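Shown below: query.cif, with mmCIF, C-alpha atoms.
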```
data_data
#
loop_
_atom_site.group_PDB
_atom_site.id
_atom_site.type_symbol
_atom_site.label_atom_id
_atom_site.label_comp_id
_atom_site.auth_asym_id
_atom_site.auth_seq_id
_atom_site.Cartn_x
_atom_site.Cartn_y
_atom_site.Cartn_z
ATOM 1 C CA MET A 1 9.317 21.366 12.073
ATOM 2 C CA SER A 2 12.999 20.476 12.005
ATOM 3 C CA TRP A 3 14.663 18.732 14.950
ATOM 4 C CA ALA A 4 17.042 21.708 15.214
ATOM 5 C CA ILE A 5 14.212 24.166 15.966
ATOM 6 C CA LEU A 6 12.668 21.698 18.387
ATOM 7 C CA LEU A 7 15.916 21.201 20.287
ATOM 8 C CA VAL A 8 16.637 24.952 20.443
ATOM 9 C CA ILE A 9 13.195 25.563 21.954
ATOM 10 C CA GLY A 10 13.684 22.652 24.357
ATOM 11 C CA ALA A 11 17.104 23.877 25.463
ATOM 12 C CA GLY A 12 15.940 27.493 25.772
ATOM 13 C CA ALA A 13 12.831 26.603 27.766
ATOM 14 C CA TYR A 14 14.895 24.449 30.132
ATOM 15 C CA ALA A 15 17.558 27.165 30.444
ATOM 16 C CA PHE A 16 14.997 29.540 31.966
ATOM 17 C CA LYS A 17 13.887 26.917 34.511
ATOM 18 C CA ALA A 18 17.428 25.833 35.395
ATOM 19 C CA GLY A 19 18.718 29.405 35.443
ATOM 20 C CA GLY A 20 16.013 30.496 37.867
ATOM 21 C CA ALA A 21 16.568 27.432 40.047
ATOM 22 C CA LEU A 22 20.346 27.981 40.260
ATOM 23 C CA LEU A 23 20.009 31.723 40.826
ATOM 24 C CA GLY A 24 17.722 30.857 43.738
ATOM 25 C CA LEU A 25 20.639 29.151 45.502
ATOM 26 C CA ARG A 26 22.458 32.503 45.767
ATOM 27 C CA PHE A 27 19.429 34.542 46.740
ATOM 28 C CA THR A 28 18.474 32.741 49.920
ATOM 29 C CA ASP A 29 20.395 35.059 52.279
ATOM 30 C CA SER A 30 19.162 38.452 51.155
ATOM 31 C CA GLU A 31 16.105 39.490 53.138
ATOM 32 C CA ARG A 32 15.168 42.146 50.598
ATOM 33 C CA ALA A 33 15.312 39.683 47.692
ATOM 34 C CA GLN A 34 13.217 37.226 49.720
ATOM 35 C CA SER A 35 10.466 39.752 50.355
ATOM 36 C CA VAL A 36 10.280 40.801 46.698
ATOM 37 C CA LEU A 37 10.239 37.101 45.715
ATOM 38 C CA LEU A 38 7.329 36.438 48.086
ATOM 39 C CA LEU A 39 5.370 39.110 46.255
ATOM 40 C CA LEU A 40 6.020 37.623 42.814
ATOM 41 C CA PRO A 41 3.267 34.967 43.025
ATOM 42 C CA PRO A 42 0.327 37.368 43.464
ATOM 43 C CA ALA A 43 1.640 39.587 40.642
ATOM 44 C CA LEU A 44 2.461 36.788 38.174
ATOM 45 C CA LEU A 45 -0.518 34.554 38.904
ATOM 46 C CA THR A 46 -3.014 37.421 38.749
ATOM 47 C CA ALA A 47 -1.516 38.463 35.402
ATOM 48 C CA LEU A 48 -1.769 34.872 34.167
ATOM 49 C CA ILE A 49 -5.410 34.552 35.241
ATOM 50 C CA LEU A 50 -6.365 37.793 33.476
ATOM 51 C CA VAL A 51 -4.430 36.944 30.301
ATOM 52 C CA TRP A 52 -6.005 33.467 30.160
ATOM 53 C CA THR A 53 -9.443 35.030 30.631
ATOM 54 C CA LEU A 54 -9.206 38.035 28.319
ATOM 55 C CA ASP A 55 -6.550 37.325 25.682
ATOM 56 C CA GLY A 56 -7.960 37.010 22.192
ATOM 57 C CA GLY A 57 -4.666 36.767 20.312
ATOM 58 C CA GLU A 58 -2.941 40.102 21.027
ATOM 59 C CA ARG A 59 -6.214 41.864 21.715
ATOM 60 C CA LEU A 60 -8.623 41.799 24.631
ATOM 61 C CA VAL A 61 -11.929 39.979 24.200
ATOM 62 C CA LEU A 62 -14.903 39.609 26.514
ATOM 63 C CA ASP A 63 -16.469 36.209 25.854
ATOM 64 C CA ALA A 64 -17.910 33.109 27.535
ATOM 65 C CA ARG A 65 -14.653 32.588 29.465
ATOM 66 C CA LEU A 66 -15.234 35.782 31.432
ATOM 67 C CA VAL A 67 -18.668 34.593 32.589
ATOM 68 C CA GLY A 68 -17.328 31.187 33.631
ATOM 69 C CA VAL A 69 -14.267 32.590 35.384
ATOM 70 C CA GLY A 70 -16.480 35.201 37.088
ATOM 71 C CA VAL A 71 -18.717 32.486 38.526
ATOM 72 C CA GLY A 72 -15.617 30.487 39.505
ATOM 73 C CA ALA A 73 -14.152 33.560 41.223
ATOM 74 C CA LEU A 74 -17.326 34.039 43.226
ATOM 75 C CA ALA A 75 -17.246 30.391 44.307
ATOM 76 C CA ALA A 76 -13.547 30.652 45.218
ATOM 77 C CA TRP A 77 -14.233 33.778 47.248
ATOM 78 C CA ARG A 78 -16.990 31.896 49.112
ATOM 79 C CA LYS A 79 -14.302 29.303 49.939
ATOM 80 C CA ALA A 80 -15.613 26.583 47.609
ATOM 81 C CA PRO A 81 -13.090 23.733 47.098
ATOM 82 C CA PHE A 82 -10.787 23.804 44.054
ATOM 83 C CA VAL A 83 -12.652 21.017 42.224
ATOM 84 C CA VAL A 84 -15.980 22.833 42.593
ATOM 85 C CA VAL A 85 -14.477 26.106 41.345
ATOM 86 C CA VAL A 86 -12.950 24.408 38.300
ATOM 87 C CA LEU A 87 -16.086 22.444 37.386
ATOM 88 C CA LEU A 88 -18.354 25.472 37.859
ATOM 89 C CA ALA A 89 -16.170 27.668 35.645
ATOM 90 C CA ALA A 90 -15.919 25.033 32.903
ATOM 91 C CA GLY A 91 -19.625 24.179 33.070
ATOM 92 C CA VAL A 92 -20.806 27.788 32.939
ATOM 93 C CA THR A 93 -18.416 28.624 30.076
ATOM 94 C CA ALA A 94 -19.531 25.551 28.118
ATOM 95 C CA ALA A 95 -23.191 26.426 28.721
ATOM 96 C CA VAL A 96 -22.730 30.031 27.575
ATOM 97 C CA ARG A 97 -20.916 28.797 24.447
ATOM 98 C CA ALA A 98 -23.625 26.231 23.714
ATOM 99 C CA LEU A 99 -26.328 28.900 24.027
ATOM 100 C CA ALA A 100 -24.475 31.506 21.959
ATOM 101 C CA MET B 1 -6.842 7.664 49.824
ATOM 102 C CA ILE B 2 -6.562 10.745 47.714
ATOM 103 C CA THR B 3 -7.375 13.909 49.600
ATOM 104 C CA GLY B 4 -6.778 17.645 49.589
ATOM 105 C CA HIS B 5 -4.066 18.970 47.330
ATOM 106 C CA ARG B 6 -3.308 15.512 45.946
ATOM 107 C CA ARG B 7 -6.819 15.293 44.582
ATOM 108 C CA ASP B 8 -6.472 18.831 43.219
ATOM 109 C CA SER B 9 -3.197 17.849 41.531
ATOM 110 C CA VAL B 10 -4.861 14.937 39.791
ATOM 111 C CA VAL B 11 -7.765 17.146 38.662
ATOM 112 C CA LEU B 12 -5.281 19.648 37.228
ATOM 113 C CA GLY B 13 -3.252 16.866 35.625
ATOM 114 C CA THR B 14 -6.341 15.433 33.932
ATOM 115 C CA ALA B 15 -7.360 18.816 32.518
ATOM 116 C CA VAL B 16 -3.808 19.349 31.276
ATOM 117 C CA GLY B 17 -3.847 15.853 29.747
ATOM 118 C CA ILE B 18 -6.897 16.726 27.648
ATOM 119 C CA PHE B 19 -5.033 19.747 26.314
ATOM 120 C CA GLY B 20 -2.084 17.412 25.720
ATOM 121 C CA VAL B 21 -4.249 15.355 23.348
ATOM 122 C CA THR B 22 -5.164 18.556 21.520
ATOM 123 C CA PHE B 23 -1.489 19.458 21.303
ATOM 124 C CA GLY B 24 -0.587 16.036 19.898
ATOM 125 C CA VAL B 25 -3.271 16.388 17.212
ATOM 126 C CA LEU B 26 -2.271 19.949 16.327
ATOM 127 C CA ALA B 27 1.424 19.039 16.213
ATOM 128 C CA THR B 28 0.992 16.127 13.814
ATOM 129 C CA THR B 29 -1.424 18.042 11.576
ATOM 130 C CA SER B 30 1.135 20.887 11.504
ATOM 131 C CA GLY B 31 3.773 18.569 10.059
ATOM 132 C CA LEU B 32 5.551 17.196 13.146
ATOM 133 C CA THR B 33 6.171 13.469 13.326
ATOM 134 C CA VAL B 34 4.802 11.509 16.289
ATOM 135 C CA ALA B 35 8.344 11.310 17.699
ATOM 136 C CA GLN B 36 8.785 15.074 17.378
ATOM 137 C CA ALA B 37 5.458 15.813 19.051
ATOM 138 C CA CYS B 38 6.392 13.546 21.974
ATOM 139 C CA ALA B 39 9.952 14.884 22.190
ATOM 140 C CA MET B 40 8.580 18.392 22.363
ATOM 141 C CA SER B 41 6.282 17.610 25.284
ATOM 142 C CA LEU B 42 9.041 15.728 27.114
ATOM 143 C CA LEU B 43 11.713 18.389 26.569
ATOM 144 C CA VAL B 44 9.929 21.736 26.340
ATOM 145 C CA PHE B 45 7.143 20.828 28.799
ATOM 146 C CA THR B 46 5.546 24.277 28.640
ATOM 147 C CA GLY B 47 2.104 24.112 27.044
ATOM 148 C CA ALA B 48 1.843 27.717 25.906
ATOM 149 C CA SER B 49 5.289 27.607 24.236
ATOM 150 C CA GLN B 50 4.516 24.360 22.447
ATOM 151 C CA PHE B 51 1.145 25.484 21.092
ATOM 152 C CA ALA B 52 2.680 28.775 19.937
ATOM 153 C CA ALA B 53 5.693 27.185 18.212
ATOM 154 C CA VAL B 54 3.603 24.576 16.415
ATOM 155 C CA GLY B 55 1.064 27.254 15.464
ATOM 156 C CA VAL B 56 3.727 29.487 13.923
ATOM 157 C CA ILE B 57 5.313 26.607 11.976
ATOM 158 C CA GLY B 58 1.905 25.258 10.901
ATOM 159 C CA ALA B 59 0.986 28.678 9.509
ATOM 160 C CA GLY B 60 4.215 28.694 7.490
ATOM 161 C CA GLY B 61 6.039 31.138 9.787
ATOM 162 C CA ALA B 62 9.805 31.512 10.112
ATOM 163 C CA ALA B 63 11.893 29.381 12.468
ATOM 164 C CA ALA B 64 13.173 32.455 14.321
ATOM 165 C CA SER B 65 9.624 33.599 14.949
ATOM 166 C CA ALA B 66 8.612 30.176 16.295
ATOM 167 C CA ILE B 67 11.628 30.080 18.601
ATOM 168 C CA GLY B 68 11.200 33.678 19.778
ATOM 169 C CA THR B 69 7.510 33.256 20.626
ATOM 170 C CA ALA B 70 8.063 29.936 22.354
ATOM 171 C CA LEU B 71 10.902 31.244 24.505
ATOM 172 C CA LEU B 72 9.086 34.430 25.463
ATOM 173 C CA LEU B 73 6.247 32.233 26.755
ATOM 174 C CA ALA B 74 8.706 29.971 28.575
ATOM 175 C CA ALA B 75 10.553 32.802 30.342
ATOM 176 C CA ARG B 76 8.114 33.086 33.250
ATOM 177 C CA ASN B 77 9.159 29.616 34.412
ATOM 178 C CA GLY B 78 12.500 31.212 35.321
ATOM 179 C CA ALA B 79 10.730 33.612 37.660
ATOM 180 C CA TYR B 80 8.764 30.694 39.122
ATOM 181 C CA ALA B 81 11.931 28.686 39.765
ATOM 182 C CA LEU B 82 13.396 31.665 41.589
ATOM 183 C CA THR B 83 10.236 32.088 43.663
ATOM 184 C CA ILE B 84 9.964 28.482 44.793
ATOM 185 C CA GLY B 85 13.731 28.100 45.176
ATOM 186 C CA ARG B 86 13.401 27.229 48.866
ATOM 187 C CA LEU B 87 11.271 24.184 47.959
ATOM 188 C CA LEU B 88 13.768 22.755 45.440
ATOM 189 C CA PRO B 89 16.640 20.420 46.408
ATOM 190 C CA GLN B 90 19.702 22.237 47.767
ATOM 191 C CA ARG B 91 22.118 20.054 45.777
ATOM 192 C CA VAL B 92 22.773 21.246 42.248
ATOM 193 C CA VAL B 93 22.026 17.965 40.435
ATOM 194 C CA GLY B 94 18.703 17.464 42.195
ATOM 195 C CA ARG B 95 17.847 21.082 41.569
ATOM 196 C CA LEU B 96 18.564 20.770 37.851
ATOM 197 C CA VAL B 97 16.298 17.716 37.603
ATOM 198 C CA ALA B 98 13.444 19.270 39.604
ATOM 199 C CA ALA B 99 13.690 22.441 37.482
ATOM 200 C CA GLN B 100 12.051 20.650 34.539
ATOM 201 C CA ILE B 101 8.707 20.431 36.369
ATOM 202 C CA VAL B 102 8.672 24.110 37.387
ATOM 203 C CA ILE B 103 5.612 25.329 35.474
ATOM 204 C CA ASP B 104 2.429 27.366 36.073
ATOM 205 C CA GLU B 105 0.518 24.537 37.755
ATOM 206 C CA SER B 106 3.196 23.140 40.081
ATOM 207 C CA THR B 107 4.270 26.620 41.185
ATOM 208 C CA ALA B 108 0.763 27.891 41.863
ATOM 209 C CA MET B 109 -0.240 24.761 43.791
ATOM 210 C CA ALA B 110 2.931 24.826 45.897
ATOM 211 C CA LEU B 111 2.608 28.495 46.740
ATOM 212 C CA ALA B 112 -0.980 28.095 47.892
ATOM 213 C CA GLU B 113 0.311 25.994 50.836
ATOM 214 C CA THR B 114 1.529 27.809 53.928
ATOM 215 C CA ASP B 115 3.372 24.860 55.470
ATOM 216 C CA GLU B 116 6.738 24.272 53.779
ATOM 217 C CA LYS B 117 6.501 20.485 53.820
ATOM 218 C CA ALA B 118 3.020 20.543 52.264
ATOM 219 C CA ALA B 119 4.193 23.098 49.704
ATOM 220 C CA ARG B 120 7.105 20.881 48.674
ATOM 221 C CA GLU B 121 4.889 17.824 48.364
ATOM 222 C CA SER B 122 2.325 19.811 46.419
ATOM 223 C CA PHE B 123 5.008 20.988 43.990
ATOM 224 C CA TYR B 124 6.250 17.471 43.232
ATOM 225 C CA VAL B 125 2.850 15.782 43.085
ATOM 226 C CA THR B 126 1.424 18.451 40.778
ATOM 227 C CA GLY B 127 4.556 18.734 38.634
ATOM 228 C CA LEU B 128 4.775 14.967 38.141
ATOM 229 C CA ALA B 129 1.024 14.516 37.585
ATOM 230 C CA VAL B 130 1.043 17.244 34.945
ATOM 231 C CA TYR B 131 4.207 15.823 33.348
ATOM 232 C CA VAL B 132 2.723 12.330 33.074
ATOM 233 C CA PHE B 133 -0.710 13.440 31.848
ATOM 234 C CA TRP B 134 0.673 16.033 29.402
ATOM 235 C CA ASN B 135 2.994 13.502 27.801
ATOM 236 C CA LEU B 136 0.432 10.673 27.702
ATOM 237 C CA GLY B 137 -2.076 13.095 26.183
ATOM 238 C CA THR B 138 0.437 14.197 23.559
ATOM 239 C CA LEU B 139 1.222 10.603 22.609
ATOM 240 C CA LEU B 140 -2.470 9.724 22.360
ATOM 241 C CA GLY B 141 -3.285 12.779 20.245
ATOM 242 C CA ALA B 142 -0.272 12.324 17.972
ATOM 243 C CA LEU B 143 -1.003 8.623 17.407
ATOM 244 C CA THR B 144 -4.747 8.861 16.835
ATOM 245 C CA GLY B 145 -4.757 12.277 15.172
ATOM 246 C CA GLU B 146 -8.159 12.893 16.652
ATOM 247 C CA ALA B 147 -8.993 15.228 19.475
ATOM 248 C CA ILE B 148 -11.290 13.734 22.098
ATOM 249 C CA GLY B 149 -13.681 16.602 21.454
ATOM 250 C CA ASP B 150 -12.852 20.281 21.590
ATOM 251 C CA PRO B 151 -11.624 21.259 25.095
ATOM 252 C CA GLU B 152 -13.116 24.710 24.527
ATOM 253 C CA ALA B 153 -16.588 23.238 23.973
ATOM 254 C CA TRP B 154 -16.267 21.857 27.518
ATOM 255 C CA GLY B 155 -15.167 25.230 28.844
ATOM 256 C CA LEU B 156 -11.818 23.787 29.916
ATOM 257 C CA ASP B 157 -9.979 26.967 28.912
ATOM 258 C CA ALA B 158 -11.924 28.765 31.669
ATOM 259 C CA ALA B 159 -11.146 26.022 34.200
ATOM 260 C CA PHE B 160 -7.490 27.070 34.436
ATOM 261 C CA PRO B 161 -7.908 30.773 35.250
ATOM 262 C CA ALA B 162 -10.739 29.955 37.676
ATOM 263 C CA GLY B 163 -8.741 27.234 39.417
ATOM 264 C CA PHE B 164 -5.754 29.549 39.731
ATOM 265 C CA ILE B 165 -7.940 32.098 41.545
ATOM 266 C CA THR B 166 -8.081 29.676 44.473
ATOM 267 C CA PHE B 167 -4.251 29.654 44.483
ATOM 268 C CA VAL B 168 -3.970 33.454 44.433
ATOM 269 C CA LEU B 169 -6.461 34.195 47.202
ATOM 270 C CA PRO B 170 -4.100 33.310 50.086
ATOM 271 C CA HIS B 171 -1.542 35.773 48.643
ATOM 272 C CA VAL B 172 -3.855 38.781 48.507
ATOM 273 C CA SER B 173 -5.200 38.732 52.060
ATOM 274 C CA GLU B 174 -2.703 41.425 53.092
ATOM 275 C CA ARG B 175 -2.028 44.788 51.516
ATOM 276 C CA PRO B 176 1.403 44.220 49.910
ATOM 277 C CA GLY B 177 0.139 41.072 48.150
ATOM 278 C CA LEU B 178 -3.059 42.794 47.082
ATOM 279 C CA VAL B 179 -1.108 45.745 45.631
ATOM 280 C CA ALA B 180 1.263 43.351 43.826
ATOM 281 C CA ALA B 181 -1.741 41.525 42.323
ATOM 282 C CA LEU B 182 -3.587 44.703 41.296
ATOM 283 C CA VAL B 183 -0.533 46.382 39.756
ATOM 284 C CA GLY B 184 0.706 43.190 38.069
ATOM 285 C CA GLY B 185 -2.750 42.323 36.744
ATOM 286 C CA THR B 186 -3.371 45.832 35.414
ATOM 287 C CA ILE B 187 -0.002 45.951 33.641
ATOM 288 C CA ALA B 188 -0.635 42.552 32.023
ATOM 289 C CA VAL B 189 -4.093 43.504 30.765
ATOM 290 C CA ILE B 190 -2.799 46.778 29.300
ATOM 291 C CA ALA B 191 0.110 44.891 27.710
ATOM 292 C CA VAL B 192 -1.995 42.204 25.966
ATOM 293 C CA PRO B 193 -2.821 44.270 22.846
ATOM 294 C CA LEU B 194 0.552 46.061 22.853
ATOM 295 C CA THR B 195 3.151 43.312 23.295
ATOM 296 C CA PRO B 196 3.818 39.832 21.875
ATOM 297 C CA ALA B 197 2.391 36.745 23.626
ATOM 298 C CA GLY B 198 4.307 35.940 26.798
ATOM 299 C CA ALA B 199 5.396 39.501 27.534
ATOM 300 C CA PRO B 200 2.300 40.600 29.517
ATOM 301 C CA VAL B 201 2.894 38.060 32.301
ATOM 302 C CA LEU B 202 6.611 38.916 32.441
ATOM 303 C CA LEU B 203 5.897 42.642 32.728
ATOM 304 C CA ALA B 204 3.666 41.902 35.715
ATOM 305 C CA VAL B 205 6.858 41.353 37.741
ATOM 306 C CA VAL B 206 6.731 45.126 38.313
ATOM 307 C CA GLY B 207 3.693 44.452 40.514
ATOM 308 C CA SER B 208 5.830 42.640 43.074
ATOM 309 C CA VAL B 209 8.121 45.674 43.361
ATOM 310 C CA ALA B 210 5.058 47.883 43.913
ATOM 311 C CA GLY B 211 3.886 45.468 46.613
ATOM 312 C CA TRP B 212 7.321 45.535 48.225
ATOM 313 C CA LEU B 213 7.293 49.356 48.352
ATOM 314 C CA VAL B 214 3.932 49.210 50.127
ATOM 315 C CA MET B 215 5.263 46.589 52.555
ATOM 316 C CA ARG B 216 8.288 48.746 53.419
ATOM 317 C CA ARG B 217 6.109 51.765 54.092
ATOM 318 C CA GLY B 218 3.456 49.762 55.953
ATOM 319 C CA PRO B 219 4.898 49.355 59.477
ATOM 320 C CA GLN B 220 5.914 53.043 59.767
ATOM 321 C CA GLU B 221 2.373 54.099 58.909
ATOM 322 C CA GLY B 222 0.971 51.798 61.557
ATOM 323 C CA ALA B 223 3.379 53.176 64.151
ATOM 324 C CA THR B 224 2.126 56.745 63.900
ATOM 325 C CA PRO B 225 -0.759 57.290 66.303
#
```
Turn the structure described in the file into structure tokens.
Amino acid sequence: MSWAILLVIGAGAYAFKAGGALLGLRFTDSERAQSVLLLLPPALLTALILVWTLDGGERLVLDARLVGVGVGALAAWRKAPFVVVVLLAAGVTAAVRALA
Amino acid sequence: MITGHRRDSVVLGTAVGIFGVTFGVLATTSGLTVAQACAMSLLVFTGASQFAAVGVIGAGGAAASAIGTALLLAARNGAYALTIGRLLPQRVVGRLVAAQIVIDESTAMALAETDEKAARESFYVTGLAVYVFWNLGTLLGALTGEAIGDPEAWGLDAAFPAGFITFVLPHVSERPGLVAALVGGTIAVIAVPLTPAGAPVLLAVVGSVAGWLVMRRGPQEGATP
């Protein structure tokens, strides 16, 4: 990979972060903007969780991840601590993969 | 003593660090020098973008395609920065520096806290832990050229979505948040086979508008006997 490509990606990736951060300075007064912003996390994070669990390279796949994340979700719902949820999900997924 | 969200930050950082090693190995086997692999992790600091860019180049793809994919995957950080704006420094210079550690992990951890001071601390501790571990992992992987085992064999790829569930739960306890999550999640899943990588999560922004519409309607409904 050339340095030029690398630097373009670096600059572009940072531009999104910096752009969002600076835009946030202007948004703080609007109550409507604030309430939509507060609802971004559930929408974005839920999307991220599902994509991480089901994405098989531009198609949906049901594999060991789904079993592990399912068990993790159950533990999270029963108020298990973060570390327990993470270890359970990884352990179950690894076990399913080892058995398959 | 390390307790609560600090411990969680370190756990997240460690998991990210293991993926960092994998990235360092993949980068150097795809033709990047050690310096380039490290520069990428220091500058881009967005795992999904880096893996995608190196993957495209390694497979002999075009530069434009590598850049396009990487940036599409990096775009959600802009939405994150907007969302956690109140936690970032109010002065422009400080804000521009803190922006670099606005990523999936730091945002999710910060937003899981209700208290603003705890949220701010959680953002910085997680962001810095992930930054340090990701870059150390990259250096290690690029120098040794050997992965410390396959993270997928350990189920680590499932650890992230599962861990993030604990961050989402506080946001879906009321109806607007629940609607935002359901609509956003559904859109993303439908979009996975139809759109390029990175787009599904961006499209989920629509979910927050749906949640907002529900929130606006909510109080009036409750007022009618």
Point-to-point distance in Å for atom CA of B:Trp212 and atom CA of B:Gly184 =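 Distance reported for this atom pair: 12.3 Å.
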Any chance you could tabulate, as a tab-separated table, the residues of chain A at most 6 Å from chain B with each one's nearest atom pair and distance in Å to one decimal, using only C-alpha atoms, in chain and rising number order?
```
residue	atom	partner	partner_atom	distance
A:Met1	CA	B:Leu32	CA	5.7
A:Ile9	CA	B:Ile67	CA	5.8
A:Gly10	CA	B:Val44	CA	4.3
A:Ala13	CA	B:Ala74	CA	5.4
A:Phe16	CA	B:Gly78	CA	4.5
A:Lys17	CA	B:Gly78	CA	4.6
A:Ala18	CA	B:Ala99	CA	5.5
A:Gly20	CA	B:Gly78	CA	4.4
A:Ala21	CA	B:Ala81	CA	4.8
A:Gly24	CA	B:Leu82	CA	4.9
A:Val36	CA	B:Trp212	CA	5.8
A:Leu37	CA	B:Thr83	CA	5.4
A:Leu39	CA	B:Ser208	CA	4.8
A:Leu40	CA	B:Ser208	CA	5.0
A:Pro42	CA	B:Ala181	CA	4.8
A:Ala43	CA	B:Ala181	CA	4.2
A:Leu44	CA	B:Ala204	CA	5.8
A:Thr46	CA	B:Gly185	CA	5.3
A:Ala47	CA	B:Gly185	CA	4.3
A:Leu48	CA	B:Val201	CA	5.9
A:Ile49	CA	B:Pro161	CA	4.5
A:Glu58	CA	B:Pro193	CA	4.5
A:Arg59	CA	B:Pro193	CA	4.3
A:Arg65	CA	B:Ala158	CA	5.2
A:Val69	CA	B:Ala162	CA	5.0
A:Gly72	CA	B:Ala162	CA	5.2
A:Ala76	CA	B:Thr166	CA	5.6
A:Val86	CA	B:Ala159	CA	4.8
A:Ala89	CA	B:Ala159	CA	5.5
A:Ala90	CA	B:Gly155	CA	4.1
A:Thr93	CA	B:Gly155	CA	4.9
A:Ala94	CA	B:Gly155	CA	4.4
```
Using all atoms listed in the file, find all polymer residues with an atom at most 9 Å away from the point (6.5, 20.2, 46.3); report them as an MDAnalysis selection string.
-> chainID B and resid 87:88 106:107 109:110 116:127
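You will find atom CA of B:Leu139 at 24.5 Å from atom CA of A:Ala15.
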Translate the PyMOL selection byres ((chain A and resi 63) around 9), as applied to the file shown, into an explicit residue set as an NGL selection string.
-> :A and (53-54 or 61-62 or 64-67 or 93 or 96-97)
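For the structure shown here, the set of residues caught by the PyMOL selection byres ((chain B and resi 20-22) around 9) is B:Ala15, B:Val16, B:Gly17, B:Ile18, B:Phe19, B:Phe23, B:Gly24, B:Val25, B:Leu26, B:Ala27, B:Ser41, B:Gly47, B:Phe133, B:Trp134, B:Asn135, B:Leu136, B:Gly137, B:Thr138, B:Leu139, B:Leu140, B:Gly141, B:Ala142, B:Gly145, B:Glu146, B:Ala147, B:Ile148, B:Gly149, B:Asp150, B:Pro151.
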Could you please determine the separation between atom CA of A:Ala95 and atom CA of B:Ala52 in Å, to one decimal place?
->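 About the pair atom CA of A:Ala95 and atom CA of B:Ala52: they are 27.4 Å apart.
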Expected axis-aligned box over every listed atom of stretch 134-143 of chain B, 6 Å added per side, centre plus edges in Å to one decimal, as JSON:
```
{"center_x": -0.1, "center_y": 12.3, "center_z": 23.4, "size_x": 18.3, "size_y": 19.4, "size_z": 24.0}
```
